[in-house]
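S.K.: My file is final.txt. It has compact mmCIF, N, CA and C atoms:
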```
# COMPACT_ATOMS: atom_id res chain seq x y z
N MET A 1 -74.25 6.90 32.42
CA MET A 1 -73.87 7.36 33.73
C MET A 1 -72.47 6.84 34.06
N LYS A 2 -71.61 7.73 34.45
CA LYS A 2 -70.26 7.36 34.83
C LYS A 2 -70.24 6.93 36.29
N LEU A 3 -69.59 5.78 36.53
CA LEU A 3 -69.53 5.28 37.90
C LEU A 3 -68.38 5.94 38.65
N ASN A 4 -68.68 6.35 39.84
CA ASN A 4 -67.70 6.99 40.70
C ASN A 4 -67.27 5.99 41.76
N PRO A 5 -65.98 5.69 41.85
CA PRO A 5 -65.52 4.73 42.85
C PRO A 5 -65.83 5.13 44.29
N GLU A 6 -66.12 6.40 44.52
CA GLU A 6 -66.45 6.85 45.87
C GLU A 6 -67.93 6.66 46.19
N ASN A 7 -68.74 6.37 45.19
CA ASN A 7 -70.16 6.14 45.37
C ASN A 7 -70.37 4.83 46.15
N PRO A 8 -71.20 4.84 47.18
CA PRO A 8 -71.43 3.62 47.98
C PRO A 8 -71.94 2.44 47.13
N LEU A 9 -72.74 2.73 46.13
CA LEU A 9 -73.23 1.67 45.25
C LEU A 9 -72.08 1.01 44.51
N TYR A 10 -71.15 1.83 44.03
CA TYR A 10 -69.97 1.29 43.34
C TYR A 10 -69.19 0.40 44.30
N LYS A 11 -68.96 0.92 45.50
CA LYS A 11 -68.17 0.17 46.47
C LYS A 11 -68.80 -1.18 46.78
N LYS A 12 -70.13 -1.17 46.90
CA LYS A 12 -70.82 -2.41 47.24
C LYS A 12 -70.80 -3.41 46.09
N LYS A 13 -71.12 -2.95 44.87
CA LYS A 13 -71.28 -3.87 43.74
C LYS A 13 -69.98 -4.20 43.03
N PHE A 14 -69.04 -3.28 43.01
CA PHE A 14 -67.86 -3.48 42.18
C PHE A 14 -66.57 -3.74 42.95
N LYS A 15 -66.61 -3.64 44.24
CA LYS A 15 -65.41 -3.88 45.04
C LYS A 15 -64.88 -5.29 44.79
N TYR A 16 -65.79 -6.25 44.74
CA TYR A 16 -65.41 -7.64 44.48
C TYR A 16 -64.65 -7.76 43.17
N TYR A 17 -65.16 -7.12 42.12
CA TYR A 17 -64.52 -7.21 40.80
C TYR A 17 -63.18 -6.50 40.77
N ASP A 18 -63.09 -5.39 41.46
CA ASP A 18 -61.81 -4.68 41.55
C ASP A 18 -60.76 -5.55 42.24
N GLU A 19 -61.16 -6.23 43.31
CA GLU A 19 -60.24 -7.11 44.02
C GLU A 19 -59.82 -8.29 43.13
N LYS A 20 -60.77 -8.85 42.40
CA LYS A 20 -60.46 -9.97 41.50
C LYS A 20 -59.47 -9.54 40.43
N LEU A 21 -59.70 -8.36 39.84
CA LEU A 21 -58.81 -7.84 38.80
C LEU A 21 -57.41 -7.62 39.36
N SER A 22 -57.34 -7.08 40.57
CA SER A 22 -56.05 -6.87 41.21
C SER A 22 -55.34 -8.20 41.45
N ASP A 23 -56.08 -9.21 41.92
CA ASP A 23 -55.51 -10.53 42.14
C ASP A 23 -55.01 -11.14 40.84
N GLN A 24 -55.76 -10.94 39.75
CA GLN A 24 -55.35 -11.48 38.46
C GLN A 24 -54.06 -10.84 37.99
N LYS A 25 -53.92 -9.53 38.18
CA LYS A 25 -52.69 -8.84 37.78
C LYS A 25 -51.50 -9.37 38.57
N GLU A 26 -51.69 -9.56 39.89
CA GLU A 26 -50.61 -10.08 40.71
C GLU A 26 -50.26 -11.51 40.29
N ASN A 27 -51.28 -12.31 40.00
CA ASN A 27 -51.06 -13.68 39.57
C ASN A 27 -50.34 -13.72 38.24
N LEU A 28 -50.71 -12.82 37.33
CA LEU A 28 -50.07 -12.76 36.02
C LEU A 28 -48.61 -12.34 36.16
N ALA A 29 -48.33 -11.39 37.04
CA ALA A 29 -46.95 -10.97 37.28
C ALA A 29 -46.12 -12.13 37.82
N GLU A 30 -46.72 -12.92 38.71
CA GLU A 30 -46.02 -14.08 39.26
C GLU A 30 -45.76 -15.12 38.17
N LYS A 31 -46.74 -15.35 37.31
CA LYS A 31 -46.57 -16.30 36.20
C LYS A 31 -45.46 -15.83 35.25
N ARG A 32 -45.42 -14.52 34.99
CA ARG A 32 -44.37 -13.98 34.12
C ARG A 32 -42.98 -14.20 34.72
N SER A 33 -42.86 -13.94 36.02
CA SER A 33 -41.56 -14.14 36.70
C SER A 33 -41.15 -15.61 36.66
N ASN A 34 -42.10 -16.50 36.90
CA ASN A 34 -41.82 -17.93 36.86
C ASN A 34 -41.39 -18.37 35.47
N TYR A 35 -42.07 -17.85 34.45
CA TYR A 35 -41.73 -18.20 33.07
C TYR A 35 -40.31 -17.75 32.74
N ALA A 36 -39.96 -16.53 33.13
CA ALA A 36 -38.61 -16.01 32.87
C ALA A 36 -37.56 -16.90 33.53
N ARG A 37 -37.83 -17.31 34.75
CA ARG A 37 -36.90 -18.17 35.48
C ARG A 37 -36.75 -19.53 34.77
N GLU A 38 -37.88 -20.10 34.32
CA GLU A 38 -37.85 -21.38 33.61
C GLU A 38 -37.12 -21.25 32.27
N PHE A 39 -37.35 -20.13 31.57
CA PHE A 39 -36.70 -19.88 30.28
C PHE A 39 -35.18 -19.82 30.49
N ALA A 40 -34.75 -19.11 31.53
CA ALA A 40 -33.32 -18.99 31.84
C ALA A 40 -32.72 -20.37 32.15
N GLN A 41 -33.46 -21.19 32.87
CA GLN A 41 -32.97 -22.53 33.21
C GLN A 41 -32.81 -23.40 31.97
N ARG A 42 -33.70 -23.21 30.98
CA ARG A 42 -33.56 -23.98 29.73
C ARG A 42 -32.26 -23.62 29.02
N PHE A 43 -31.94 -22.33 29.00
CA PHE A 43 -30.68 -21.91 28.38
C PHE A 43 -29.50 -22.50 29.14
N GLN A 44 -29.54 -22.41 30.47
CA GLN A 44 -28.46 -22.94 31.30
C GLN A 44 -28.24 -24.42 31.06
N SER A 45 -29.33 -25.17 30.97
CA SER A 45 -29.22 -26.62 30.79
C SER A 45 -28.59 -26.98 29.45
N GLN A 46 -28.64 -26.04 28.50
CA GLN A 46 -28.02 -26.25 27.19
C GLN A 46 -26.63 -25.64 27.11
N GLY A 47 -26.16 -25.09 28.24
CA GLY A 47 -24.83 -24.49 28.27
C GLY A 47 -24.76 -23.12 27.62
N ILE A 48 -25.90 -22.45 27.49
CA ILE A 48 -25.95 -21.13 26.86
C ILE A 48 -25.99 -20.07 27.96
N GLU A 49 -25.08 -19.11 27.86
CA GLU A 49 -25.04 -18.02 28.85
C GLU A 49 -26.08 -16.97 28.47
N MET A 50 -27.23 -17.04 29.15
CA MET A 50 -28.33 -16.11 28.86
C MET A 50 -29.10 -15.88 30.16
N LYS A 51 -29.18 -14.63 30.57
CA LYS A 51 -30.01 -14.27 31.72
C LYS A 51 -31.37 -13.84 31.17
N VAL A 52 -32.42 -14.31 31.81
CA VAL A 52 -33.78 -13.93 31.40
C VAL A 52 -34.50 -13.46 32.65
N SER A 53 -35.13 -12.29 32.56
CA SER A 53 -35.84 -11.77 33.72
C SER A 53 -37.11 -11.04 33.28
N ALA A 54 -38.10 -11.07 34.15
CA ALA A 54 -39.32 -10.30 33.95
C ALA A 54 -39.17 -9.04 34.79
N GLU A 55 -39.39 -7.90 34.16
CA GLU A 55 -39.13 -6.62 34.83
C GLU A 55 -40.26 -5.64 34.56
N GLY A 56 -40.18 -4.52 35.25
CA GLY A 56 -41.11 -3.42 35.01
C GLY A 56 -42.43 -3.62 35.74
N GLU A 57 -43.37 -2.73 35.40
CA GLU A 57 -44.69 -2.76 36.02
C GLU A 57 -45.36 -4.10 35.74
N ASN A 58 -45.77 -4.77 36.79
CA ASN A 58 -46.40 -6.10 36.70
C ASN A 58 -45.55 -7.11 35.95
N GLN A 59 -44.24 -6.91 35.96
CA GLN A 59 -43.31 -7.86 35.31
C GLN A 59 -43.65 -8.05 33.82
N SER A 60 -44.08 -6.97 33.15
CA SER A 60 -44.58 -7.09 31.78
C SER A 60 -43.50 -6.96 30.70
N THR A 61 -42.25 -6.77 31.09
CA THR A 61 -41.14 -6.72 30.15
C THR A 61 -40.26 -7.95 30.36
N LEU A 62 -39.99 -8.65 29.28
CA LEU A 62 -39.12 -9.83 29.34
C LEU A 62 -37.76 -9.42 28.79
N LYS A 63 -36.74 -9.52 29.62
CA LYS A 63 -35.40 -9.06 29.24
C LYS A 63 -34.45 -10.24 29.08
N PHE A 64 -33.76 -10.25 27.95
CA PHE A 64 -32.75 -11.26 27.64
C PHE A 64 -31.39 -10.59 27.65
N VAL A 65 -30.45 -11.14 28.42
CA VAL A 65 -29.10 -10.57 28.50
C VAL A 65 -28.08 -11.68 28.24
N SER A 66 -27.23 -11.45 27.22
CA SER A 66 -26.17 -12.40 26.91
C SER A 66 -25.01 -11.65 26.27
N PRO A 67 -23.77 -11.97 26.67
CA PRO A 67 -22.63 -11.31 26.03
C PRO A 67 -22.53 -11.65 24.54
N LEU A 68 -23.19 -12.70 24.12
CA LEU A 68 -23.17 -13.11 22.71
C LEU A 68 -24.39 -12.61 21.93
N MET A 69 -25.20 -11.74 22.54
CA MET A 69 -26.42 -11.25 21.90
C MET A 69 -26.07 -10.53 20.60
N ASN A 70 -26.82 -10.88 19.55
CA ASN A 70 -26.68 -10.20 18.26
C ASN A 70 -28.05 -10.19 17.56
N LYS A 71 -28.10 -9.59 16.40
CA LYS A 71 -29.38 -9.43 15.70
C LYS A 71 -30.03 -10.78 15.39
N SER A 72 -29.24 -11.74 15.00
CA SER A 72 -29.76 -13.06 14.66
C SER A 72 -30.42 -13.73 15.88
N ILE A 73 -29.76 -13.66 17.02
CA ILE A 73 -30.31 -14.24 18.25
C ILE A 73 -31.58 -13.50 18.65
N MET A 74 -31.55 -12.16 18.53
CA MET A 74 -32.74 -11.36 18.88
C MET A 74 -33.93 -11.79 18.03
N GLU A 75 -33.72 -11.92 16.73
CA GLU A 75 -34.81 -12.31 15.84
C GLU A 75 -35.32 -13.71 16.17
N GLN A 76 -34.40 -14.62 16.46
CA GLN A 76 -34.78 -15.99 16.81
C GLN A 76 -35.65 -16.02 18.06
N LEU A 77 -35.24 -15.28 19.09
CA LEU A 77 -36.00 -15.25 20.33
C LEU A 77 -37.36 -14.58 20.15
N ALA A 78 -37.39 -13.49 19.41
CA ALA A 78 -38.62 -12.72 19.25
C ALA A 78 -39.62 -13.41 18.32
N ASP A 79 -39.12 -14.14 17.33
CA ASP A 79 -40.01 -14.67 16.30
C ASP A 79 -40.29 -16.16 16.40
N ASP A 80 -39.73 -16.82 17.40
CA ASP A 80 -40.01 -18.24 17.58
C ASP A 80 -41.51 -18.42 17.83
N GLU A 81 -42.14 -19.26 17.02
CA GLU A 81 -43.59 -19.41 17.07
C GLU A 81 -44.10 -19.84 18.45
N GLY A 82 -43.47 -20.84 19.03
CA GLY A 82 -43.90 -21.33 20.35
C GLY A 82 -43.72 -20.29 21.44
N SER A 83 -42.56 -19.67 21.47
CA SER A 83 -42.29 -18.66 22.49
C SER A 83 -43.19 -17.44 22.30
N SER A 84 -43.39 -17.03 21.06
CA SER A 84 -44.25 -15.86 20.79
C SER A 84 -45.65 -16.08 21.33
N LEU A 85 -46.14 -17.29 21.19
CA LEU A 85 -47.48 -17.61 21.70
C LEU A 85 -47.52 -17.47 23.22
N VAL A 86 -46.49 -17.96 23.88
CA VAL A 86 -46.42 -17.84 25.35
C VAL A 86 -46.29 -16.38 25.75
N PHE A 87 -45.45 -15.62 25.04
CA PHE A 87 -45.28 -14.19 25.36
C PHE A 87 -46.63 -13.49 25.31
N ARG A 88 -47.39 -13.78 24.30
CA ARG A 88 -48.70 -13.13 24.14
C ARG A 88 -49.72 -13.64 25.17
N ASN A 89 -49.71 -14.94 25.44
CA ASN A 89 -50.64 -15.49 26.43
C ASN A 89 -50.38 -14.94 27.82
N LEU A 90 -49.12 -14.71 28.14
CA LEU A 90 -48.77 -14.13 29.43
C LEU A 90 -48.84 -12.60 29.40
N LYS A 91 -49.20 -12.07 28.24
CA LYS A 91 -49.41 -10.62 28.05
C LYS A 91 -48.17 -9.79 28.36
N PHE A 92 -47.00 -10.32 27.97
CA PHE A 92 -45.81 -9.49 28.03
C PHE A 92 -46.02 -8.33 27.06
N ARG A 93 -45.57 -7.17 27.42
CA ARG A 93 -45.74 -5.99 26.56
C ARG A 93 -44.52 -5.71 25.71
N ARG A 94 -43.36 -6.12 26.20
CA ARG A 94 -42.12 -5.77 25.49
C ARG A 94 -41.04 -6.80 25.75
N LEU A 95 -40.23 -7.02 24.73
CA LEU A 95 -39.03 -7.83 24.86
C LEU A 95 -37.84 -6.88 24.76
N VAL A 96 -36.84 -7.08 25.60
CA VAL A 96 -35.63 -6.25 25.59
C VAL A 96 -34.45 -7.19 25.44
N PHE A 97 -33.52 -6.82 24.56
CA PHE A 97 -32.33 -7.63 24.29
C PHE A 97 -31.08 -6.82 24.59
N SER A 98 -30.19 -7.40 25.37
CA SER A 98 -28.99 -6.69 25.80
C SER A 98 -27.78 -7.61 25.77
N ASP A 99 -26.61 -7.00 25.60
CA ASP A 99 -25.36 -7.77 25.68
C ASP A 99 -24.75 -7.65 27.08
N GLY A 100 -25.48 -7.04 27.99
CA GLY A 100 -25.00 -6.83 29.35
C GLY A 100 -24.42 -5.46 29.57
N LYS A 101 -24.07 -4.78 28.48
CA LYS A 101 -23.52 -3.43 28.57
C LYS A 101 -24.51 -2.39 28.09
N LYS A 102 -25.25 -2.75 27.05
CA LYS A 102 -26.24 -1.82 26.50
C LYS A 102 -27.39 -2.60 25.87
N VAL A 103 -28.51 -1.92 25.72
CA VAL A 103 -29.67 -2.51 25.06
C VAL A 103 -29.41 -2.50 23.56
N LEU A 104 -29.53 -3.66 22.95
CA LEU A 104 -29.29 -3.79 21.51
C LEU A 104 -30.57 -3.73 20.69
N GLY A 105 -31.70 -3.99 21.35
CA GLY A 105 -32.97 -3.94 20.63
C GLY A 105 -34.14 -4.22 21.54
N THR A 106 -35.31 -3.83 21.07
CA THR A 106 -36.56 -4.09 21.79
C THR A 106 -37.61 -4.51 20.77
N LYS A 107 -38.62 -5.18 21.26
CA LYS A 107 -39.78 -5.51 20.42
C LYS A 107 -41.03 -5.33 21.26
N ASP A 108 -41.92 -4.45 20.79
CA ASP A 108 -43.20 -4.27 21.46
C ASP A 108 -44.15 -5.37 21.02
N LEU A 109 -44.87 -5.93 21.96
CA LEU A 109 -45.76 -7.05 21.66
C LEU A 109 -47.22 -6.64 21.62
N GLU A 110 -47.52 -5.41 21.91
CA GLU A 110 -48.92 -4.95 21.90
C GLU A 110 -49.28 -4.39 20.55
```
Give the structure from the file, written as structure tokens.

M.R.:
Amino acid sequence: MKLNPENPLYKKKFKYYDEKLSDQKENLAEKRSNYAREFAQRFQSQGIEMKVSAEGENQSTLKFVSPLMNKSIMEQLADDEGSSLVFRNLKFRRLVFSDGKKVLGTKDLE
């Protein structure tokens, strides 16, 4: 039997779970934004010019922007074992790499 969200039984039994799921998505988006901000601060503290932002639907895209961006830096950022684990735990869907003028590469994480 397919549940219809307009059915009163659905509304009564599943409204709570729908609200919880919505709260989790908002919380995850906030965590992604905070992580991007912290990541950017780490670069700044090392004197590296790199902007990091969480963008898109539910902040699920992590974007790296640096005038010095190149293939080697992209691979380092995308394949770092510690960072990759965090990217996946926070359920980022995509990494985007840019030199500030154009997108140089992307990596899908799903």

S.K.: Could you give me, as an NGL selection string, the residues within 8 Å of region 101-106 of chain A, counting only N, CA and C atoms and dropping anything in the same chain fewer than 4 positions from it?

M.R.: :A and (65-67 or 69-71 or 74 or 94-97)

S.K.: A:Asn58, A:Ser53, A:Lys63, A:Ile48: which is nearest Ser98 (chain A), counting all atoms listed in the file?

M.R.: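 Ranked by minimum distance to Ser98 (chain A), first place goes to A:Lys63.
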
S.K.: Report as a tab-separated table: every residue of region 28-58 of chain A with an atom at most 12 Å from region 77-81 of chain A, its closest pair of atoms, and their distance in Å to one decimal, counting only C-alpha atoms, with rows sorted by chain and ascending residue number.

M.R.:
```
residue	atom	partner	partner_atom	distance
A:Phe39	CA	A:Leu77	CA	11.0
A:Phe43	CA	A:Leu77	CA	11.7
A:Met50	CA	A:Leu77	CA	11.5
A:Val52	CA	A:Leu77	CA	11.4
```

S.K.: With N, CA and C atoms retained, write the just-selected residues as a short mmCIF file (atom, residue, chain, number, x, y, z; two decimals), keeping the file's coordinate frame.

M.R.:
```cif
data_model
loop_
_atom_site.label_atom_id
_atom_site.label_comp_id
_atom_site.auth_asym_id
_atom_site.auth_seq_id
_atom_site.Cartn_x
_atom_site.Cartn_y
_atom_site.Cartn_z
N PHE A 39 -37.35 -20.13 31.57
CA PHE A 39 -36.70 -19.88 30.28
C PHE A 39 -35.18 -19.82 30.49
N PHE A 43 -31.94 -22.33 29.00
CA PHE A 43 -30.68 -21.91 28.38
C PHE A 43 -29.50 -22.50 29.14
N MET A 50 -27.23 -17.04 29.15
CA MET A 50 -28.33 -16.11 28.86
C MET A 50 -29.10 -15.88 30.16
N VAL A 52 -32.42 -14.31 31.81
CA VAL A 52 -33.78 -13.93 31.40
C VAL A 52 -34.50 -13.46 32.65
#
```

S.K.: Could you tell me how far CA of Phe64 (chain A) sits from CA of Asn27 (chain A), in Å to one decimal place?

M.R.: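 Interatomic distance, CA of Asn27 (chain A) to CA of Phe64 (chain A): 22.0 Å.
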
S.K.: Determine, counting only N, CA and C atoms, which protein, DNA and RNA residues have an atom within 8 Å of an atom of Leu109 (chain A); residues of the same chain fewer than 6 positions away are not included. Present the result as a list in words.

M.R.: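 Counting only the stated atoms, we get Phe87, Arg88, Lys91, Phe92, Arg93, Arg94 and Leu95 of chain A.
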
S.K.: Quick check, in Å to one decimal: how far apart do CA of Ser72 (chain A) and atom N of Asp99 (chain A) lie?

M.R.: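 Pair CA of Ser72 (chain A) / atom N of Asp99 (chain A) returns 12.9 Å.
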
S.K.: What is the distance, in Å and to one decimal place, between atom C of Asn34 (chain A) and atom C of Lys107 (chain A)?

M.R.: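 Atom C of Asn34 (chain A) sits 19.3 Å away from atom C of Lys107 (chain A).
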
S.K.: Enumerate, as a PyMOL selection string, the complete set of residues in region 36-102 of chain A that a backbone-based DSSP assignment places in strand (DSSP E or B).

M.R.: chain A and resi 51-55+61-65+94-98

S.K.: Ranking A:Leu62, A:Gln41, A:Gln46, A:Lys51 by minimum distance to Ser83 (chain A) and counting only C-alpha atoms, which one comes first?

M.R.: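 Ranking A:Leu62, A:Gln41, A:Gln46, A:Lys51 by distance to Ser83 (chain A), first place goes to A:Leu62.
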
S.K.: Among region 33-110 of chain A, which ones does DSSP assign to helix (DSSP H, G or I) (computed from the backbone)? Answer as a ChimeraX atom specification.

M.R.: /A:33-45,57-59,71-79,81-89

S.K.: With N, CA and C atoms kept, could you save the residues just selected as a short mmCIF file (atom, residue, chain, number, x, y, z; two decimals), in the frame of the given file?

M.R.:
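Written output follows (part_3.cif):
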```cif
data_model
loop_
_atom_site.label_atom_id
_atom_site.label_comp_id
_atom_site.auth_asym_id
_atom_site.auth_seq_id
_atom_site.Cartn_x
_atom_site.Cartn_y
_atom_site.Cartn_z
N SER A 33 -42.86 -13.94 36.02
CA SER A 33 -41.56 -14.14 36.70
C SER A 33 -41.15 -15.61 36.66
N ASN A 34 -42.10 -16.50 36.90
CA ASN A 34 -41.82 -17.93 36.86
C ASN A 34 -41.39 -18.37 35.47
N TYR A 35 -42.07 -17.85 34.45
CA TYR A 35 -41.73 -18.20 33.07
C TYR A 35 -40.31 -17.75 32.74
N ALA A 36 -39.96 -16.53 33.13
CA ALA A 36 -38.61 -16.01 32.87
C ALA A 36 -37.56 -16.90 33.53
N ARG A 37 -37.83 -17.31 34.75
CA ARG A 37 -36.90 -18.17 35.48
C ARG A 37 -36.75 -19.53 34.77
N GLU A 38 -37.88 -20.10 34.32
CA GLU A 38 -37.85 -21.38 33.61
C GLU A 38 -37.12 -21.25 32.27
N PHE A 39 -37.35 -20.13 31.57
CA PHE A 39 -36.70 -19.88 30.28
C PHE A 39 -35.18 -19.82 30.49
N ALA A 40 -34.75 -19.11 31.53
CA ALA A 40 -33.32 -18.99 31.84
C ALA A 40 -32.72 -20.37 32.15
N GLN A 41 -33.46 -21.19 32.87
CA GLN A 41 -32.97 -22.53 33.21
C GLN A 41 -32.81 -23.40 31.97
N ARG A 42 -33.70 -23.21 30.98
CA ARG A 42 -33.56 -23.98 29.73
C ARG A 42 -32.26 -23.62 29.02
N PHE A 43 -31.94 -22.33 29.00
CA PHE A 43 -30.68 -21.91 28.38
C PHE A 43 -29.50 -22.50 29.14
N GLN A 44 -29.54 -22.41 30.47
CA GLN A 44 -28.46 -22.94 31.30
C GLN A 44 -28.24 -24.42 31.06
N SER A 45 -29.33 -25.17 30.97
CA SER A 45 -29.22 -26.62 30.79
C SER A 45 -28.59 -26.98 29.45
N GLU A 57 -43.37 -2.73 35.40
CA GLU A 57 -44.69 -2.76 36.02
C GLU A 57 -45.36 -4.10 35.74
N ASN A 58 -45.77 -4.77 36.79
CA ASN A 58 -46.40 -6.10 36.70
C ASN A 58 -45.55 -7.11 35.95
N GLN A 59 -44.24 -6.91 35.96
CA GLN A 59 -43.31 -7.86 35.31
C GLN A 59 -43.65 -8.05 33.82
N LYS A 71 -28.10 -9.59 16.40
CA LYS A 71 -29.38 -9.43 15.70
C LYS A 71 -30.03 -10.78 15.39
N SER A 72 -29.24 -11.74 15.00
CA SER A 72 -29.76 -13.06 14.66
C SER A 72 -30.42 -13.73 15.88
N ILE A 73 -29.76 -13.66 17.02
CA ILE A 73 -30.31 -14.24 18.25
C ILE A 73 -31.58 -13.50 18.65
N MET A 74 -31.55 -12.16 18.53
CA MET A 74 -32.74 -11.36 18.88
C MET A 74 -33.93 -11.79 18.03
N GLU A 75 -33.72 -11.92 16.73
CA GLU A 75 -34.81 -12.31 15.84
C GLU A 75 -35.32 -13.71 16.17
N GLN A 76 -34.40 -14.62 16.46
CA GLN A 76 -34.78 -15.99 16.81
C GLN A 76 -35.65 -16.02 18.06
N LEU A 77 -35.24 -15.28 19.09
CA LEU A 77 -36.00 -15.25 20.33
C LEU A 77 -37.36 -14.58 20.15
N ALA A 78 -37.39 -13.49 19.41
CA ALA A 78 -38.62 -12.72 19.25
C ALA A 78 -39.62 -13.41 18.32
N ASP A 79 -39.12 -14.14 17.33
CA ASP A 79 -40.01 -14.67 16.30
C ASP A 79 -40.29 -16.16 16.40
N GLU A 81 -42.14 -19.26 17.02
CA GLU A 81 -43.59 -19.41 17.07
C GLU A 81 -44.10 -19.84 18.45
N GLY A 82 -43.47 -20.84 19.03
CA GLY A 82 -43.90 -21.33 20.35
C GLY A 82 -43.72 -20.29 21.44
N SER A 83 -42.56 -19.67 21.47
CA SER A 83 -42.29 -18.66 22.49
C SER A 83 -43.19 -17.44 22.30
N SER A 84 -43.39 -17.03 21.06
CA SER A 84 -44.25 -15.86 20.79
C SER A 84 -45.65 -16.08 21.33
N LEU A 85 -46.14 -17.29 21.19
CA LEU A 85 -47.48 -17.61 21.70
C LEU A 85 -47.52 -17.47 23.22
N VAL A 86 -46.49 -17.96 23.88
CA VAL A 86 -46.42 -17.84 25.35
C VAL A 86 -46.29 -16.38 25.75
N PHE A 87 -45.45 -15.62 25.04
CA PHE A 87 -45.28 -14.19 25.36
C PHE A 87 -46.63 -13.49 25.31
N ARG A 88 -47.39 -13.78 24.30
CA ARG A 88 -48.70 -13.13 24.14
C ARG A 88 -49.72 -13.64 25.17
N ASN A 89 -49.71 -14.94 25.44
CA ASN A 89 -50.64 -15.49 26.43
C ASN A 89 -50.38 -14.94 27.82
#
```
